[in-house]
>>> print(open('my_file-v5.tsv').read())   # TSV, C-alpha atoms and all ligand atoms
chain	number	residue	atom	x	y	z
E	1	MET	CA	193.72	71.99	79.04
E	2	GLN	CA	190.67	70.65	80.89
E	3	ALA	CA	187.20	70.24	79.37
E	4	ILE	CA	183.95	68.48	80.16
E	5	HIS	CA	183.59	65.02	78.67
E	6	CYS	CA	180.31	63.10	78.63
E	7	HIS	CA	180.47	59.49	79.72
E	8	GLY	CA	177.79	56.86	79.73
E	9	GLY	CA	175.08	58.54	77.63
E	10	GLY	CA	171.51	57.70	78.59
E	11	LYS	CA	169.37	59.85	80.84
E	12	ARG	CA	172.09	60.72	83.37
E	13	PRO	CA	175.45	60.90	81.63
E	14	ASP	CA	178.50	61.64	83.80
E	15	LEU	CA	179.98	65.02	82.97
E	16	LEU	CA	183.64	64.87	83.95
E	17	TRP	CA	186.26	67.64	83.92
E	18	GLU	CA	189.20	65.94	82.22
E	19	ALA	CA	192.41	66.69	80.34
E	20	THR	CA	192.05	67.12	76.61
E	21	ALA	CA	193.86	68.67	73.64
E	22	GLU	CA	193.58	72.40	73.01
E	23	PRO	CA	191.23	73.19	70.09
E	24	PRO	CA	193.02	73.90	66.79
E	25	MET	CA	193.25	77.57	65.89
E	26	GLY	CA	193.75	79.21	62.46
E	27	ASN	CA	195.11	82.60	61.38
E	28	HIS	CA	191.58	84.02	61.26
E	29	ASP	CA	190.57	82.77	64.73
E	30	VAL	CA	190.77	83.99	68.27
E	31	MET	CA	191.61	81.72	71.20
E	32	LEU	CA	189.72	82.56	74.39
E	33	GLU	CA	190.74	81.76	77.90
E	34	VAL	CA	187.28	80.82	79.19
E	35	PHE	CA	186.23	82.10	82.62
E	36	ALA	CA	182.52	81.27	82.38
E	37	THR	CA	180.08	79.42	80.14
E	38	ALA	CA	176.36	78.69	80.50
E	39	VAL	CA	173.92	75.79	80.29
E	40	ASN	CA	171.52	75.56	77.37
E	41	ARG	CA	168.77	73.03	76.70
E	42	ALA	CA	170.72	71.89	73.65
E	43	ASP	CA	173.59	70.89	75.99
E	44	LEU	CA	171.26	68.57	77.90
E	45	LEU	CA	170.35	66.77	74.70
E	46	GLN	CA	173.92	66.73	73.37
E	47	ALA	CA	175.18	65.23	76.64
E	48	ARG	CA	172.80	62.30	76.10
E	49	GLY	CA	173.94	61.83	72.53
E	50	LEU	CA	170.64	63.15	71.14
E	51	TYR	CA	171.84	66.39	69.52
E	52	PRO	CA	175.22	65.89	67.88
E	53	PRO	CA	177.20	69.03	66.99
E	54	PRO	CA	177.21	70.07	63.31
E	55	PRO	CA	180.03	68.36	61.37
E	56	GLY	CA	183.39	70.04	61.95
E	57	ASP	CA	182.37	71.80	65.17
E	58	SER	CA	183.86	71.00	68.58
E	59	PRO	CA	182.41	67.86	70.18
E	60	VAL	CA	182.77	69.52	73.60
E	61	LEU	CA	179.55	70.93	75.11
E	62	GLY	CA	178.98	74.67	75.39
E	63	LEU	CA	177.46	77.17	72.97
E	64	GLU	CA	178.66	80.36	74.63
E	65	ALA	CA	181.61	81.60	76.62
E	66	ALA	CA	183.02	84.66	78.33
E	67	GLY	CA	186.70	85.20	79.00
E	68	VAL	CA	189.78	87.00	77.80
E	69	VAL	CA	191.45	86.90	74.42
E	70	LEU	CA	194.50	84.71	74.87
E	71	LYS	CA	195.79	84.74	71.29
E	72	ALA	CA	194.59	86.38	68.10
E	73	GLY	CA	195.48	84.80	64.73
E	74	ARG	CA	197.74	86.73	62.35
E	75	GLN	CA	194.83	87.88	60.17
E	76	VAL	CA	192.70	89.08	63.08
E	77	ARG	CA	192.17	92.83	63.42
E	78	GLY	CA	190.55	94.72	66.27
E	79	TRP	CA	191.15	92.27	69.14
E	80	LYS	CA	194.24	91.73	71.28
E	81	PRO	CA	195.31	89.49	74.14
E	82	GLY	CA	193.69	90.54	77.40
E	83	ASP	CA	190.43	91.90	75.89
E	84	ARG	CA	187.42	90.87	78.01
E	85	VAL	CA	184.76	89.41	75.74
E	86	CYS	CA	181.84	87.04	75.34
E	87	ALA	CA	180.61	85.16	72.29
E	88	LEU	CA	178.51	82.43	70.82
E	89	VAL	CA	180.89	79.57	70.12
E	90	PRO	CA	180.34	76.67	67.74
E	91	GLY	CA	180.63	74.22	70.64
E	92	GLY	CA	183.51	73.91	73.07
E	93	GLY	CA	182.42	76.40	75.75
E	94	TYR	CA	182.70	73.87	78.62
E	95	ALA	CA	186.49	74.07	78.50
E	96	GLU	CA	189.44	76.18	79.61
E	97	ARG	CA	190.06	77.37	76.05
E	98	ALA	CA	187.71	77.91	73.11
E	99	VAL	CA	188.23	79.05	69.54
E	100	VAL	CA	185.91	81.65	68.09
E	101	HIS	CA	185.51	83.74	64.95
E	102	PRO	CA	186.63	87.30	65.84
E	103	GLU	CA	183.49	88.85	64.37
E	104	MET	CA	181.40	86.91	66.88
E	105	LEU	CA	183.10	88.63	69.82
E	106	LEU	CA	181.26	91.14	71.99
E	107	PRO	CA	183.25	93.33	74.41
E	108	LEU	CA	182.20	92.95	78.05
E	109	PRO	CA	180.65	96.19	79.30
E	110	ALA	CA	182.66	97.95	82.02
E	111	GLY	CA	181.95	96.54	85.46
E	112	TRP	CA	180.62	93.22	84.17
E	113	SER	CA	181.72	89.85	85.51
E	114	PHE	CA	182.49	87.03	83.11
E	115	ALA	CA	179.39	85.26	84.48
E	116	MET	CA	177.25	88.16	83.23
E	117	GLY	CA	178.93	87.96	79.84
E	118	ALA	CA	178.31	84.21	79.60
E	119	ALA	CA	174.59	84.81	80.26
E	120	VAL	CA	174.13	86.86	77.10
E	121	PRO	CA	175.09	85.31	73.74
E	122	GLU	CA	172.78	82.33	73.23
E	123	ALA	CA	169.68	83.65	74.99
E	124	TRP	CA	169.84	87.23	73.74
E	125	LEU	CA	170.85	86.49	70.16
E	126	THR	CA	168.08	83.88	69.97
E	127	ALA	CA	165.53	86.29	71.42
E	128	PHE	CA	166.69	89.18	69.21
E	129	SER	CA	166.91	87.27	65.94
E	130	ASN	CA	163.54	85.61	66.38
E	131	LEU	CA	161.53	88.52	67.77
E	132	MET	CA	163.00	91.27	65.63
E	133	LEU	CA	164.50	89.77	62.47
E	134	GLU	CA	162.22	86.77	61.88
E	135	GLY	CA	159.16	87.93	63.82
E	136	ARG	CA	159.37	91.61	62.79
E	137	LEU	CA	157.92	92.78	66.08
E	138	GLU	CA	156.52	96.33	65.94
E	139	ALA	CA	155.63	98.83	68.65
E	140	GLY	CA	152.03	98.45	69.74
E	141	GLU	CA	151.81	94.78	68.77
E	142	THR	CA	151.07	91.98	71.23
E	143	VAL	CA	153.65	89.23	71.53
E	144	LEU	CA	153.25	85.94	73.38
E	145	ILE	CA	156.46	84.50	74.82
E	146	HIS	CA	156.31	80.95	76.19
E	147	ALA	CA	158.65	79.85	78.99
E	148	GLY	CA	158.92	83.46	80.12
E	149	GLY	CA	161.27	82.42	82.93
E	150	SER	CA	163.76	80.66	80.66
E	151	GLY	CA	167.06	82.18	79.64
E	152	VAL	CA	165.59	83.05	76.24
E	153	GLY	CA	162.30	84.18	77.79
E	154	THR	CA	163.89	86.62	80.25
E	155	ALA	CA	165.83	88.19	77.36
E	156	ALA	CA	162.82	88.23	75.02
E	157	ILE	CA	160.60	89.98	77.58
E	158	GLN	CA	163.11	92.80	77.98
E	159	LEU	CA	163.63	93.24	74.23
E	160	ALA	CA	159.89	93.17	73.49
E	161	VAL	CA	159.11	95.70	76.22
E	162	LEU	CA	161.87	97.94	74.90
E	163	ALA	CA	160.37	97.65	71.40
E	164	GLY	CA	157.09	99.02	72.74
E	165	ALA	CA	155.13	95.78	72.43
E	166	ARG	CA	152.49	94.47	74.80
E	167	VAL	CA	154.06	91.35	76.26
E	168	ALA	CA	152.22	88.21	77.35
E	169	VAL	CA	154.11	85.28	78.85
E	170	THR	CA	153.43	81.80	80.11
E	171	ALA	CA	155.38	80.14	82.90
E	172	GLY	CA	154.87	77.24	85.25
E	173	SER	CA	154.95	78.80	88.73
E	174	GLU	CA	153.98	81.97	90.57
E	175	PRO	CA	157.59	82.98	91.37
E	176	LYS	CA	158.46	82.76	87.67
E	177	LEU	CA	155.33	84.70	86.68
E	178	SER	CA	156.18	87.36	89.21
E	179	GLY	CA	159.78	87.53	87.87
E	180	CYS	CA	158.39	87.99	84.35
E	181	ARG	CA	156.14	90.84	85.54
E	182	GLN	CA	159.15	92.49	87.16
E	183	LEU	CA	160.93	92.36	83.81
E	184	GLY	CA	157.98	94.21	82.29
E	185	ALA	CA	155.55	91.51	81.08
E	186	HIS	CA	152.02	92.90	80.96
E	187	ILE	CA	150.11	89.59	80.96
E	188	ALA	CA	151.47	86.53	82.81
E	189	ILE	CA	149.67	83.19	82.65
E	190	ASP	CA	150.35	79.98	84.58
E	191	TYR	CA	150.06	77.36	81.87
E	192	HIS	CA	149.48	74.58	84.42
E	193	ALA	CA	146.43	76.24	85.96
E	194	ALA	CA	144.05	76.51	83.02
E	195	SER	CA	143.96	76.70	79.24
E	196	PHE	CA	146.58	79.36	78.54
E	197	ALA	CA	144.87	80.12	75.23
E	198	ASP	CA	141.47	80.92	76.78
E	199	ARG	CA	143.07	83.07	79.44
E	200	LEU	CA	145.21	84.85	76.90
E	201	ALA	CA	142.28	85.45	74.54
E	202	GLU	CA	140.43	87.01	77.46
E	203	ALA	CA	143.39	89.12	78.62
E	204	ALA	CA	144.41	90.22	75.12
E	205	GLY	CA	140.84	91.25	74.24
E	206	GLU	CA	140.15	92.65	70.80
E	207	LYS	CA	143.81	93.39	70.10
E	208	GLY	CA	144.58	89.67	69.83
E	209	VAL	CA	148.13	88.38	69.34
E	210	ASP	CA	150.47	89.37	66.51
E	211	LEU	CA	153.59	87.35	67.23
E	212	ILE	CA	154.31	84.16	69.19
E	213	LEU	CA	157.80	83.06	70.26
E	214	ASP	CA	157.13	79.36	70.63
E	215	CYS	CA	159.37	76.82	72.32
E	216	VAL	CA	156.54	74.39	73.13
E	217	GLY	CA	155.45	73.25	69.67
E	218	GLY	CA	152.94	70.48	68.94
E	219	PRO	CA	150.34	70.68	71.72
E	220	TYR	CA	149.90	74.44	71.35
E	221	LEU	CA	149.80	74.70	67.57
E	222	ALA	CA	146.03	74.66	67.12
E	223	ASP	CA	145.59	77.31	69.83
E	224	HIS	CA	148.36	79.43	68.33
E	225	LEU	CA	146.76	79.45	64.88
E	226	ARG	CA	143.42	80.38	66.45
E	227	LEU	CA	144.94	83.15	68.61
E	228	LEU	CA	147.00	84.90	65.94
E	229	ASN	CA	145.68	88.04	64.24
E	230	PRO	CA	145.70	88.43	60.45
E	231	ASP	CA	149.33	88.70	59.26
E	232	GLY	CA	150.41	87.08	62.54
E	233	ARG	CA	153.76	85.30	62.89
E	234	LEU	CA	154.52	82.11	64.75
E	235	VAL	CA	158.26	81.71	65.30
E	236	LEU	CA	159.13	78.20	66.46
E	237	ILE	CA	162.38	77.83	68.37
E	238	GLY	CA	161.78	74.63	70.32
E	239	VAL	CA	159.52	71.63	70.74
E	240	MET	CA	159.64	71.08	74.50
E	241	GLY	CA	155.96	70.04	74.51
E	242	GLY	CA	156.06	67.75	71.46
E	243	ARG	CA	157.00	67.76	67.82
E	244	SER	CA	153.85	66.92	65.89
E	245	ALA	CA	150.35	68.32	65.49
E	246	ALA	CA	147.55	68.60	62.95
E	247	ILE	CA	147.30	72.02	61.33
E	248	ASP	CA	144.05	73.62	60.21
E	249	LEU	CA	145.45	75.27	57.12
E	250	VAL	CA	142.38	77.45	56.76
E	251	HIS	CA	143.73	79.63	59.60
E	252	VAL	CA	147.05	79.97	57.81
E	253	LEU	CA	145.42	80.85	54.50
E	254	GLY	CA	142.55	82.92	55.80
E	255	LYS	CA	144.69	85.09	58.10
E	256	SER	CA	147.86	85.15	55.97
E	257	LEU	CA	149.86	83.69	58.84
E	258	ARG	CA	153.57	82.97	58.71
E	259	ILE	CA	155.08	79.97	60.47
E	260	ILE	CA	158.85	80.23	60.79
E	261	GLY	CA	161.34	77.86	62.42
E	262	THR	CA	164.97	78.65	63.24
E	263	ARG	CA	167.94	77.09	65.05
E	264	LEU	CA	170.72	79.51	65.90
E	265	ARG	CA	173.35	76.80	66.13
E	266	ALA	CA	172.63	75.47	62.65
E	267	ARG	CA	172.91	78.84	60.94
E	268	PRO	CA	176.00	79.48	58.81
E	269	THR	CA	178.71	81.55	60.52
E	270	THR	CA	178.00	84.47	58.15
E	271	GLU	CA	174.43	84.67	59.45
E	272	LYS	CA	175.53	84.41	63.08
E	273	ILE	CA	178.00	87.23	62.46
E	274	ALA	CA	175.30	89.40	60.89
E	275	ILE	CA	172.96	88.76	63.85
E	276	THR	CA	175.74	89.51	66.36
E	277	ARG	CA	176.73	92.69	64.55
E	278	GLU	CA	173.18	94.03	64.38
E	279	PHE	CA	172.49	93.10	67.99
E	280	ARG	CA	175.66	94.87	69.07
E	281	SER	CA	174.89	98.05	67.16
E	282	ARG	CA	171.27	98.25	68.31
E	283	PHE	CA	171.40	97.04	71.90
E	284	TRP	CA	174.91	96.71	73.36
E	285	HIS	CA	174.97	100.24	74.81
E	286	LEU	CA	171.76	99.42	76.69
E	287	PHE	CA	173.58	96.70	78.65
E	288	ALA	CA	176.31	99.17	79.49
E	289	ASP	CA	173.81	101.68	80.90
E	290	GLY	CA	171.73	99.04	82.71
E	291	ARG	CA	168.52	99.34	80.68
E	292	LEU	CA	168.93	95.69	79.64
E	293	ASN	CA	170.18	93.09	82.10
E	294	PRO	CA	171.09	89.44	81.76
E	295	VAL	CA	169.17	87.41	84.33
E	296	ILE	CA	171.30	84.89	86.22
E	297	ASP	CA	169.68	82.27	88.40
E	298	ARG	CA	172.71	80.42	89.77
E	299	VAL	CA	176.39	79.85	89.20
E	300	PHE	CA	177.77	76.30	89.48
E	301	PRO	CA	181.46	75.43	89.28
E	302	ILE	CA	182.26	73.71	85.98
E	303	THR	CA	183.14	70.56	87.92
E	304	ALA	CA	179.46	70.40	88.95
E	305	ALA	CA	178.20	70.60	85.35
E	306	GLY	CA	176.14	67.43	85.88
E	307	GLU	CA	174.34	69.01	88.85
E	308	ALA	CA	173.75	72.15	86.81
E	309	HIS	CA	172.20	70.08	84.00
E	310	ALA	CA	169.90	68.30	86.47
E	311	TYR	CA	168.84	71.68	87.90
E	312	VAL	CA	167.93	73.02	84.43
E	313	GLU	CA	166.26	69.79	83.42
E	314	ALA	CA	164.03	70.03	86.51
E	315	ASN	CA	162.89	73.49	85.28
E	316	ARG	CA	164.19	75.14	88.45
E	317	ASN	CA	165.95	78.12	86.88
E	318	PHE	CA	164.64	81.63	86.28
E	319	GLY	CA	167.07	83.04	83.74
E	320	LYS	CA	170.47	81.57	83.02
E	321	VAL	CA	172.49	78.92	84.82
E	322	ILE	CA	176.18	79.74	84.61
E	323	LEU	CA	179.18	77.43	84.86
E	324	ALA	CA	182.24	79.07	86.41
E	325	VAL	CA	185.29	77.69	84.64
E	326	ARG	CA	187.55	79.80	86.87
E	327	PRO	CA	186.76	80.74	90.45
E	328	ASP	CA	186.95	84.48	89.66
E	329	ALA	CA	184.18	84.18	87.01
E	330	THR	CA	181.75	86.16	89.15
E	331	ALA	CA	184.18	88.90	90.22
E	332	LEU	CA	183.09	92.36	89.06
D	401	LIG	N1	166.03	77.59	68.07
D	401	LIG	C1	167.04	78.15	68.68
D	401	LIG	O1	167.94	78.71	68.06
D	401	LIG	C2	167.09	78.12	70.18
D	401	LIG	C3	168.18	78.69	70.88
D	401	LIG	C4	168.18	78.67	72.29
D	401	LIG	C5	167.10	78.08	72.94
D	401	LIG	N2	166.09	77.52	72.20
D	401	LIG	C6	164.94	76.92	72.86
D	401	LIG	O2	164.30	77.91	73.64
D	401	LIG	C7	163.72	77.28	74.76
D	401	LIG	C8	164.23	77.97	76.01
D	401	LIG	O3	165.62	77.70	76.09
D	401	LIG	P1	166.45	78.12	77.39
D	401	LIG	O4	167.80	77.54	77.30
D	401	LIG	O5	166.30	79.57	77.57
D	401	LIG	O6	165.59	77.34	78.47
D	401	LIG	P2	165.72	77.19	80.03
D	401	LIG	O7	166.36	78.39	80.63
D	401	LIG	O8	166.30	75.85	80.30
D	401	LIG	O9	164.19	77.19	80.49
D	401	LIG	C9	163.26	76.34	79.91
D	401	LIG	C10	161.94	76.49	80.68
D	401	LIG	O10	160.90	76.05	79.85
D	401	LIG	C11	159.80	75.65	80.65
D	401	LIG	N3	159.27	74.38	80.09
D	401	LIG	C12	159.87	73.18	80.10
D	401	LIG	N4	159.08	72.28	79.47
D	401	LIG	C13	157.98	72.95	79.07
D	401	LIG	C14	156.79	72.59	78.37
D	401	LIG	N5	156.59	71.33	77.96
D	401	LIG	N6	155.86	73.54	78.16
D	401	LIG	C15	156.04	74.81	78.57
D	401	LIG	N7	157.14	75.24	79.24
D	401	LIG	C16	158.09	74.31	79.47
D	401	LIG	C17	160.32	75.46	82.08
D	401	LIG	O11	159.85	76.56	82.85
D	401	LIG	P3	158.42	76.49	83.64
D	401	LIG	O12	158.79	76.32	85.07
D	401	LIG	O13	157.82	77.81	83.33
D	401	LIG	O14	157.67	75.32	83.09
D	401	LIG	C18	161.84	75.60	81.91
D	401	LIG	O15	162.46	76.14	83.05
D	401	LIG	C19	164.08	75.80	74.71
D	401	LIG	O16	163.02	75.13	74.05
D	401	LIG	C20	165.30	75.81	73.82
D	401	LIG	O17	165.48	74.58	73.14
D	401	LIG	C21	166.08	77.56	70.87
>>> encode(input="my_file-v5.tsv", output="structure tokens")
Amino acid sequence: MQAIHCHGGGKRPDLLWEATAEPPMGNHDVMLEVFATAVNRADLLQARGLYPPPPGDSPVLGLEAAGVVLKAGRQVRGWKPGDRVCALVPGGGYAERAVVHPEMLLPLPAGWSFAMGAAVPEAWLTAFSNLMLEGRLEAGETVLIHAGGSGVGTAAIQLAVLAGARVAVTAGSEPKLSGCRQLGAHIAIDYHAASFADRLAEAAGEKGVDLILDCVGGPYLADHLRLLNPDGRLVLIGVMGGRSAAIDLVHVLGKSLRIIGTRLRARPTTEKIAITREFRSRFWHLFADGRLNPVIDRVFPITAAGEAHAYVEANRNFGKVILAVRPDATAL
């Protein structure tokens, strides 16, 4: 089969579509024929050698895939060759074939392209697990979502609106802010223009902020601790702005704050299965009836994976950037 291999390391590694061995498959696994995968920030780091896959996982890039079941191991129940599915994969999505645990599979809703399926697993399971399971978002609360125009952000806005929360976002340009408003965000702040925290404090008024989904990290920590209401939760999922900061622990103590960090990729398979299962039972029907929608910015052919990485790195995407492994990835 063919898969993407990273050559050269450094800031601009070459991502080449080359022949490689098929991934090994056990009796409890499913082999997917991959039609589409998607770019994640973690892929950008992994391609430069800065974010190695967990031991034992595929060294090939790609944390999610959509395609058809090609083979199901002897112990697998409930899935058969030809089923159209998408899933988080433990690496190996940038390839013609990927091996996945059957309980991670999600059936593609009727009428969906594989590109739509590839836009869901990483962004939506990250948004769901951190807003709902870790962050315990409740109706009527105010949630702040940074990078509202990111893959995770566009999923998180929709889930938070659906949960009945008041949703505030930050993003770096007017088109992205406008896209976030269209997805239902109530407060949208350009973080380049002024102190996001002052503008948010003004916009949020007395209700304050109950939950923050934070992918920025260090530079915002002091503001976050100041903004959060008593019993507020800060869920850290990334450190795009920086990884260190001084904490005034009095805020944490005095307001009974919780600071939580998670990495979906590093979770044990049992936890990923539990997250997938709960997400499927609570939300999957809402994709089928169009109340939730994956947001796709662009589709690149897999052979242009390097270009797709540069596009994401330059912060140009609103929603997900998809890699079409087969030309019919976008067919409905
Ligand atoms: N912990 C986990 O399990 C997990 C899983 C998936 C993703 N993540 C994290 O979630 C974040 C979003 O991921 P994604 O793949 O959805 O991202 P994405 O689609 O690549 O979008 C990221 C966006 O973040 C904004 N951004 C970049 N640097 C920033 C900074 N210093 N301050 C504020 N905004 C910045 C940019 O938009 P603007 O134009 O608005 O600046 C950029 O387009 C990343 O930090 C990623 O590492 C975490």
>>> closest_residue(input="my_file-v5.tsv", among="E:Ile302, E:Ala38, E:Leu16, E:Val216", to="ligand LIG 401 (chain D)", atoms="all atoms listed in the file")
E:Val216
>>> residues_around(input="my_file-v5.tsv", residues="E:Ser256", least_positions_apart="5", cutoff="9 Å", atoms="only C-alpha atoms", output="VMD selection string")
chain E and resid 230 to 232 251
>>> residues_around(input="my_file-v5.tsv", residues="E:Lys207", least_positions_apart="3", cutoff="9 Å", atoms="only C-alpha atoms", output="PyMOL selection string")
chain E and resi 141-142+204+210+229
>>> residues_around(input="my_file-v5.tsv", residues="E:Ile259", least_positions_apart="4", cutoff="12 Å", atoms="all atoms listed in the file", output="PDB file with C-alpha atoms, keeping the file's coordinate frame")
ATOM      1  CA  ASN E 130     163.540  85.610  66.380  1.00  0.00           C
ATOM      2  CA  GLU E 134     162.220  86.770  61.880  1.00  0.00           C
ATOM      3  CA  GLY E 135     159.160  87.930  63.820  1.00  0.00           C
ATOM      4  CA  LEU E 211     153.590  87.350  67.230  1.00  0.00           C
ATOM      5  CA  ILE E 212     154.310  84.160  69.190  1.00  0.00           C
ATOM      6  CA  LEU E 213     157.800  83.060  70.260  1.00  0.00           C
ATOM      7  CA  ASP E 214     157.130  79.360  70.630  1.00  0.00           C
ATOM      8  CA  GLY E 217     155.450  73.250  69.670  1.00  0.00           C
ATOM      9  CA  LEU E 221     149.800  74.700  67.570  1.00  0.00           C
ATOM     10  CA  HIS E 224     148.360  79.430  68.330  1.00  0.00           C
ATOM     11  CA  LEU E 225     146.760  79.450  64.880  1.00  0.00           C
ATOM     12  CA  LEU E 228     147.000  84.900  65.940  1.00  0.00           C
ATOM     13  CA  ASP E 231     149.330  88.700  59.260  1.00  0.00           C
ATOM     14  CA  GLY E 232     150.410  87.080  62.540  1.00  0.00           C
ATOM     15  CA  ARG E 233     153.760  85.300  62.890  1.00  0.00           C
ATOM     16  CA  LEU E 234     154.520  82.110  64.750  1.00  0.00           C
ATOM     17  CA  VAL E 235     158.260  81.710  65.300  1.00  0.00           C
ATOM     18  CA  LEU E 236     159.130  78.200  66.460  1.00  0.00           C
ATOM     19  CA  ILE E 237     162.380  77.830  68.370  1.00  0.00           C
ATOM     20  CA  ILE E 247     147.300  72.020  61.330  1.00  0.00           C
ATOM     21  CA  LEU E 249     145.450  75.270  57.120  1.00  0.00           C
ATOM     22  CA  HIS E 251     143.730  79.630  59.600  1.00  0.00           C
ATOM     23  CA  VAL E 252     147.050  79.970  57.810  1.00  0.00           C
ATOM     24  CA  LEU E 253     145.420  80.850  54.500  1.00  0.00           C
ATOM     25  CA  LYS E 255     144.690  85.090  58.100  1.00  0.00           C
TER      26      LYS E 255
END
>>> atom_distance(input="my_file-v5.tsv", atom1="atom CA of E:Glu103", atom2="atom CA of E:Cys86")
11.2 Å
>>> residues_around(input="my_file-v5.tsv", residues="E:Val85", least_positions_apart="3", cutoff="8 Å", atoms="all atoms listed in the file", output="ChimeraX atom specification")
/E:66-69,105-108,117
>>> build_atoms(input="my_file-v5.tsv", residues="stretch 104-116 of chain E", atoms="N, CA and C atoms", output="mmCIF file, in the coordinates of the input")
data_model
loop_
_atom_site.group_PDB
_atom_site.id
_atom_site.type_symbol
_atom_site.label_atom_id
_atom_site.label_comp_id
_atom_site.auth_asym_id
_atom_site.auth_seq_id
_atom_site.Cartn_x
_atom_site.Cartn_y
_atom_site.Cartn_z
ATOM 1 N N MET E 104 182.456 87.322 65.950
ATOM 2 C CA MET E 104 181.400 86.910 66.880
ATOM 3 C C MET E 104 181.620 87.517 68.270
ATOM 4 N N LEU E 105 182.778 88.158 68.461
ATOM 5 C CA LEU E 105 183.100 88.630 69.820
ATOM 6 C C LEU E 105 182.320 89.892 70.180
ATOM 7 N N LEU E 106 181.913 89.949 71.428
ATOM 8 C CA LEU E 106 181.260 91.140 71.990
ATOM 9 C C LEU E 106 182.090 91.580 73.191
ATOM 10 N N PRO E 107 182.420 92.874 73.277
ATOM 11 C CA PRO E 107 183.250 93.330 74.410
ATOM 12 C C PRO E 107 182.427 93.374 75.689
ATOM 13 N N LEU E 108 182.967 92.883 76.787
ATOM 14 C CA LEU E 108 182.200 92.950 78.050
ATOM 15 C C LEU E 108 182.036 94.405 78.469
ATOM 16 N N PRO E 109 180.818 94.825 78.785
ATOM 17 C CA PRO E 109 180.650 96.190 79.300
ATOM 18 C C PRO E 109 181.464 96.392 80.572
ATOM 19 N N ALA E 110 181.868 97.643 80.820
ATOM 20 C CA ALA E 110 182.660 97.950 82.020
ATOM 21 C C ALA E 110 181.884 97.526 83.257
ATOM 22 N N GLY E 111 182.588 96.934 84.205
ATOM 23 C CA GLY E 111 181.950 96.540 85.460
ATOM 24 C C GLY E 111 181.238 95.204 85.413
ATOM 25 N N TRP E 112 181.282 94.530 84.263
ATOM 26 C CA TRP E 112 180.620 93.220 84.170
ATOM 27 C C TRP E 112 181.560 92.094 84.579
ATOM 28 N N SER E 113 180.984 91.095 85.248
ATOM 29 C CA SER E 113 181.720 89.850 85.510
ATOM 30 C C SER E 113 181.676 88.982 84.257
ATOM 31 N N PHE E 114 182.534 87.981 84.223
ATOM 32 C CA PHE E 114 182.490 87.030 83.110
ATOM 33 C C PHE E 114 181.181 86.222 83.148
ATOM 34 N N ALA E 115 180.669 85.987 84.360
ATOM 35 C CA ALA E 115 179.390 85.260 84.480
ATOM 36 C C ALA E 115 178.287 86.036 83.764
ATOM 37 N N MET E 116 178.271 87.350 83.923
ATOM 38 C CA MET E 116 177.250 88.160 83.230
ATOM 39 C C MET E 116 177.426 88.046 81.719
#
